[in-house]
$ cat run_20.csv   # CSV, C-alpha atoms
chain,number,residue,atom,x,y,z
Z,12,MET,CA,-11.6,3.4,36.9
Z,13,VAL,CA,-14.2,2.4,34.3
Z,14,LYS,CA,-14.7,6.1,33.4
Z,15,VAL,CA,-11.0,6.6,32.9
Z,16,PHE,CA,-10.7,3.5,30.7
Z,17,ALA,CA,-13.8,4.6,28.7
Z,18,ILE,CA,-12.2,8.0,28.0
Z,19,ILE,CA,-8.9,6.3,27.0
Z,20,LEU,CA,-10.7,3.8,24.7
Z,21,PHE,CA,-13.0,6.2,22.9
Z,22,THR,CA,-10.2,8.8,22.6
Z,23,GLY,CA,-8.1,6.3,20.8
Z,24,VAL,CA,-11.0,5.3,18.5
Z,25,LEU,CA,-12.4,8.7,17.6
Z,26,THR,CA,-10.6,11.9,18.6
Z,27,GLU,CA,-7.0,10.5,18.3
Z,28,ASN,CA,-7.6,8.0,15.5
Z,29,PHE,CA,-4.2,6.8,14.4
Z,30,VAL,CA,-5.0,6.7,10.7
Z,31,LEU,CA,-7.4,9.5,10.2
Z,32,ARG,CA,-6.2,12.0,12.8
Z,33,GLN,CA,-2.5,11.1,13.3
Z,34,PHE,CA,-1.9,9.7,9.8
Z,35,LEU,CA,0.0,6.6,10.9
Z,36,GLY,CA,-0.5,3.3,9.1
Z,37,ILE,CA,-1.4,4.9,5.8
Z,38,CYS,CA,0.2,2.1,3.7
Z,39,PRO,CA,-2.2,-0.7,4.7
Z,40,PHE,CA,-5.0,1.8,4.9
Z,41,LEU,CA,-4.7,2.6,1.2
Z,42,GLY,CA,-3.5,-0.8,0.1
Z,43,VAL,CA,-5.8,-3.3,1.8
Z,44,SER,CA,-9.1,-1.2,1.9
Z,45,LYS,CA,-10.3,-2.2,-1.6
Z,46,LYS,CA,-12.5,-5.0,-0.2
Z,47,LEU,CA,-14.3,-5.1,3.1
Z,48,ASN,CA,-13.3,-8.6,4.0
Z,49,THR,CA,-9.6,-8.1,3.6
Z,50,ALA,CA,-9.8,-4.7,5.4
Z,51,MET,CA,-11.4,-6.4,8.4
Z,52,GLY,CA,-8.9,-9.2,8.3
Z,53,MET,CA,-6.0,-6.8,8.3
Z,54,SER,CA,-7.6,-4.8,11.1
Z,55,ALA,CA,-8.1,-7.8,13.3
Z,56,ALA,CA,-4.4,-8.7,12.9
Z,57,VAL,CA,-3.4,-5.1,13.7
Z,58,ILE,CA,-5.5,-5.1,16.9
Z,59,PHE,CA,-3.9,-8.4,18.0
Z,60,VAL,CA,-0.4,-7.2,17.3
Z,61,MET,CA,-1.0,-3.7,18.9
Z,62,VAL,CA,-2.4,-5.0,22.2
Z,63,LEU,CA,0.1,-7.9,22.6
Z,64,SER,CA,3.1,-5.7,21.6
Z,65,THR,CA,2.1,-3.2,24.3
Z,66,ALA,CA,1.6,-6.0,26.8
Z,67,VAL,CA,5.1,-7.3,26.1
Z,68,THR,CA,7.1,-4.2,25.5
Z,69,PHE,CA,5.8,-2.3,28.6
Z,70,PRO,CA,7.4,-4.6,31.2
Z,71,ILE,CA,10.5,-5.1,29.0
Z,72,ASN,CA,11.0,-1.3,28.9
Z,73,LYS,CA,10.2,-0.7,32.6
Z,74,TYR,CA,12.1,-3.6,34.2
Z,75,ILE,CA,14.9,-4.2,31.8
Z,76,LEU,CA,15.7,-1.3,29.6
Z,77,GLU,CA,15.1,1.5,32.1
Z,78,LYS,CA,16.7,-0.2,35.1
Z,79,ASN,CA,19.8,-0.9,33.1
Z,80,ASN,CA,20.0,2.4,31.3
Z,81,LEU,CA,19.4,0.8,27.9
Z,82,THR,CA,16.5,2.9,26.8
Z,83,TYR,CA,18.4,3.8,23.6
Z,84,LEU,CA,17.6,0.2,22.5
Z,85,GLN,CA,13.9,0.8,22.6
Z,86,THR,CA,13.3,1.0,18.9
Z,87,ILE,CA,15.3,-2.2,18.1
Z,88,VAL,CA,13.7,-4.2,20.9
Z,89,PHE,CA,10.2,-3.0,20.2
Z,90,ILE,CA,10.5,-3.9,16.4
Z,91,LEU,CA,11.8,-7.3,17.3
Z,92,VAL,CA,8.8,-8.0,19.6
Z,93,ILE,CA,6.4,-6.8,16.9
Z,94,ALA,CA,8.2,-8.9,14.3
Z,95,VAL,CA,7.7,-12.0,16.4
Z,96,LEU,CA,4.0,-11.3,16.9
Z,97,VAL,CA,3.5,-10.6,13.2
Z,98,GLN,CA,5.2,-13.9,12.3
Z,99,PHE,CA,2.9,-15.7,14.7
Z,100,VAL,CA,-0.2,-14.1,13.1
Z,101,GLU,CA,1.2,-14.9,9.6
Z,102,THR,CA,1.7,-18.5,10.5
Z,103,VAL,CA,-1.9,-18.9,12.0
Z,104,LEU,CA,-3.5,-17.2,9.0
Z,105,LYS,CA,-1.5,-19.3,6.5
Z,106,LYS,CA,-2.6,-22.5,8.2
Z,107,PHE,CA,-6.2,-21.8,9.1
Z,108,MET,CA,-7.3,-18.9,6.9
Z,109,LYS,CA,-5.4,-19.4,3.6
Z,110,PRO,CA,-7.8,-17.2,1.4
Z,111,LEU,CA,-7.4,-14.2,3.8
Z,112,TYR,CA,-3.6,-14.9,4.0
Z,113,ASN,CA,-3.4,-14.7,0.2
Z,114,ALA,CA,-5.6,-11.6,0.0
Z,115,LEU,CA,-3.5,-9.7,2.4
Z,116,GLY,CA,-0.3,-10.6,0.6
Z,117,ILE,CA,2.7,-8.4,1.2
Z,118,TYR,CA,0.8,-6.1,3.6
Z,119,LEU,CA,0.7,-8.8,6.3
Z,120,PRO,CA,4.4,-8.9,7.0
Z,121,LEU,CA,4.5,-5.2,6.5
Z,122,ILE,CA,2.7,-4.9,9.9
Z,123,THR,CA,6.2,-5.3,11.4
Z,124,THR,CA,7.2,-1.9,10.0
Z,125,ASN,CA,3.7,-0.4,10.3
Z,126,CYS,CA,4.3,3.0,12.0
Z,127,ALA,CA,0.8,2.7,13.7
Z,128,VAL,CA,1.8,-0.4,15.6
Z,129,LEU,CA,5.2,1.0,16.6
Z,130,GLY,CA,3.7,4.4,17.2
Z,131,VAL,CA,1.1,3.2,19.7
Z,132,VAL,CA,3.9,1.6,21.8
Z,133,PHE,CA,6.0,4.8,21.9
Z,134,LEU,CA,3.0,7.1,22.5
Z,135,ASN,CA,1.9,5.0,25.4
Z,136,LEU,CA,5.3,5.6,27.0
Z,137,ASP,CA,5.2,9.3,26.1
Z,138,LYS,CA,1.8,9.7,27.8
Z,139,ILE,CA,3.1,8.1,31.0
Z,140,SER,CA,6.4,10.0,31.1
Z,141,GLY,CA,4.6,13.2,30.0
Z,142,GLY,CA,2.3,13.1,33.0
Z,143,ASP,CA,-1.0,12.2,31.4
Z,144,LEU,CA,-3.4,11.9,34.5
Z,145,ASN,CA,-5.3,9.0,33.0
Z,146,PHE,CA,-2.1,7.0,32.3
Z,147,LEU,CA,-0.5,7.9,35.6
Z,148,SER,CA,-3.4,6.3,37.5
Z,149,TYR,CA,-3.2,3.1,35.6
Z,150,PRO,CA,0.0,3.0,33.5
Z,151,TYR,CA,0.0,-0.6,32.3
Z,152,SER,CA,-3.8,-1.3,32.0
Z,153,GLY,CA,-4.3,2.2,30.6
Z,154,SER,CA,-1.7,1.5,27.9
Z,155,LEU,CA,-3.4,-1.8,27.0
Z,156,VAL,CA,-6.8,0.0,26.7
Z,157,ASN,CA,-5.2,2.7,24.6
Z,158,SER,CA,-3.7,0.1,22.3
Z,159,LEU,CA,-7.1,-1.6,22.0
Z,160,GLY,CA,-8.7,1.8,21.2
Z,161,ALA,CA,-6.0,2.5,18.6
Z,162,GLY,CA,-6.6,-0.9,17.0
Z,163,VAL,CA,-10.4,-0.5,17.0
Z,164,GLY,CA,-9.9,3.0,15.6
Z,165,PHE,CA,-7.8,1.5,12.8
Z,166,MET,CA,-10.5,-1.1,12.1
Z,167,LEU,CA,-13.2,1.7,12.0
Z,168,ALA,CA,-11.1,3.7,9.6
Z,169,MET,CA,-10.6,0.6,7.4
Z,170,PHE,CA,-14.3,-0.3,7.5
Z,171,LEU,CA,-15.5,3.2,6.6
Z,172,PHE,CA,-12.9,3.6,3.8
Z,173,ALA,CA,-13.5,0.1,2.4
Z,174,GLY,CA,-17.2,1.0,2.1
Z,175,VAL,CA,-16.4,4.2,0.4
Z,176,ARG,CA,-14.0,2.5,-2.1
Z,177,GLU,CA,-16.5,-0.2,-2.9
Z,178,ARG,CA,-19.1,2.5,-3.6
Z,179,MET,CA,-16.7,4.3,-5.8
Z,180,GLU,CA,-16.3,1.3,-8.1
Z,181,SER,CA,-19.8,1.7,-9.3
Z,182,CYS,CA,-19.4,5.5,-9.9
Z,183,GLU,CA,-18.3,7.2,-13.1
Z,184,ILE,CA,-15.1,8.9,-12.2
Z,185,PRO,CA,-13.4,11.3,-14.6
Z,186,LYS,CA,-10.4,9.6,-16.2
Z,187,PHE,CA,-7.9,12.1,-14.7
Z,188,LEU,CA,-9.0,11.3,-11.2
Z,189,GLN,CA,-9.1,7.5,-11.5
Z,190,GLY,CA,-6.8,5.4,-9.4
Z,191,LEU,CA,-4.7,7.0,-6.7
Z,192,PRO,CA,-6.0,10.7,-7.1
Z,193,ILE,CA,-9.6,9.8,-6.2
Z,194,THR,CA,-8.5,7.5,-3.5
Z,195,LEU,CA,-6.5,10.2,-1.8
Z,196,ILE,CA,-9.4,12.7,-2.1
Z,197,ALA,CA,-11.8,10.1,-0.6
Z,198,ALA,CA,-9.3,9.5,2.2
Z,199,SER,CA,-8.9,13.2,3.0
Z,200,LEU,CA,-12.7,13.7,3.1
Z,201,THR,CA,-13.0,10.7,5.5
Z,202,SER,CA,-10.3,12.2,7.7
Z,203,VAL,CA,-12.0,15.6,7.7
Z,204,ALA,CA,-15.2,13.9,8.9
Z,205,PHE,CA,-13.4,12.8,12.0
Z,206,LEU,CA,-12.8,16.4,13.0
Z,207,GLY,CA,-16.4,16.4,14.1
Z,208,PHE,CA,-15.6,14.2,17.1
Z,209,ASP,CA,-13.4,16.9,18.7
Z,210,GLY,CA,-14.7,17.7,22.2
Z,211,VAL,CA,-17.3,14.9,22.0
Z,212,ILE,CA,-15.5,12.5,24.4
Z,213,GLU,CA,-14.9,15.2,27.0
Z,214,GLY,CA,-18.6,16.3,26.8
Z,215,ILE,CA,-19.9,12.7,27.2
Z,216,PHE,CA,-17.7,11.8,30.2
Z,217,LYS,CA,-17.6,15.2,31.9
$ encode --input "run_20.csv" --output "structure tokens"
Amino acid sequence: MVKVFAIILFTGVLTENFVLRQFLGICPFLGVSKKLNTAMGMSAAVIFVMVLSTAVTFPINKYILEKNNLTYLQTIVFILVIAVLVQFVETVLKKFMKPLYNALGIYLPLITTNCAVLGVVFLNLDKISGGDLNFLSYPYSGSLVNSLGAGVGFMLAMFLFAGVRERMESCEIPKFLQGLPITLIAASLTSVAFLGFDGVIEGIFK
């Protein structure tokens, strides 16, 4: 069981990184990665929302939507659950961590429509219905571990890219590349670097 969970976790972090490999959640990745502290704050919020949204939506889908043939309402129900969790995070940060709340700005409520958060919920269901052996053995706990891995992978991507962007601020960048162009180039190079993890997880846990 531990081996299965380790494979699921590290796959979500490295070989199937939601930001750098599946290109989900690009908006906060580009918008909140200018400073390391805001990047880590956003990442912690995303991890919390990802794991809890999976924990809540999985039983709702299995015991309510599927049993009553209401699976066509999945998107609406899942977004509502995510919105409630984001509102909770927003309230906590506003009360106890006001500087971080102000730094995140509009990107905090945008977690509600962050395709990475909604994507992990749907991909968990797809892996179970698609017959993924790891998920068939432990569908609920496997989904939670996968959500945690996706969140940690999001944090890793934010951490690496925030470091790259902070270094770029001290570099002399040609005028025609300043701003968004050099940011996209740096993001693409960071993404290419993650291709090196292909096959690593299988080799370690074989």
$ closest_residue --input "run_20.csv" --among "Z:Gly116, Z:Gly36, Z:Gly141, Z:Pro185" --to "Thr49 in chain Z" --atoms "all atoms listed in the file"
Z:Gly116
$ residues_around --input "run_20.csv" --residues "Leu171 in chain Z" --least-positions-apart "3" --cutoff "12 Å" --atoms "only C-alpha atoms" --output "ChimeraX atom specification"
/Z:30-31,40,44-47,50-51,164-168,174-178,197-198,200-202,204-205
$ closest_residue --input "run_20.csv" --among "Z:Val57, Z:Leu129, Z:Val24, Z:Val163" --to "Leu91 in chain Z" --atoms "all atoms listed in the file"
Z:Leu129
$ closest_residue --input "run_20.csv" --among "Z:Leu136, Z:Leu191, Z:Leu96, Z:Ile184" --to "Phe69 in chain Z" --atoms "only C-alpha atoms"
Z:Leu136
$ atom_distance --input "run_20.csv" --atom1 "CA of Cys126 in chain Z" --atom2 "CA of Leu35 in chain Z"
5.7 Å
$ closest_residue --input "run_20.csv" --among "Z:Thr102, Z:Asn145, Z:Ser140, Z:Ser154" --to "Met61 in chain Z" --atoms "all atoms listed in the file"
Z:Ser154
$ closest_residue --input "run_20.csv" --among "Z:Gly130, Z:Gly142, Z:Pro150, Z:Pro39" --to "Pro70 in chain Z" --atoms "all atoms listed in the file"
Z:Pro150
$ atom_distance --input "run_20.csv" --atom1 "CA of Tyr112 in chain Z" --atom2 "CA of Ser54 in chain Z"
13.0 Å
$ closest_residue --input "run_20.csv" --among "Z:Met12, Z:Cys38, Z:Val43, Z:Leu63" --to "Gly162 in chain Z" --atoms "only C-alpha atoms"
Z:Leu63
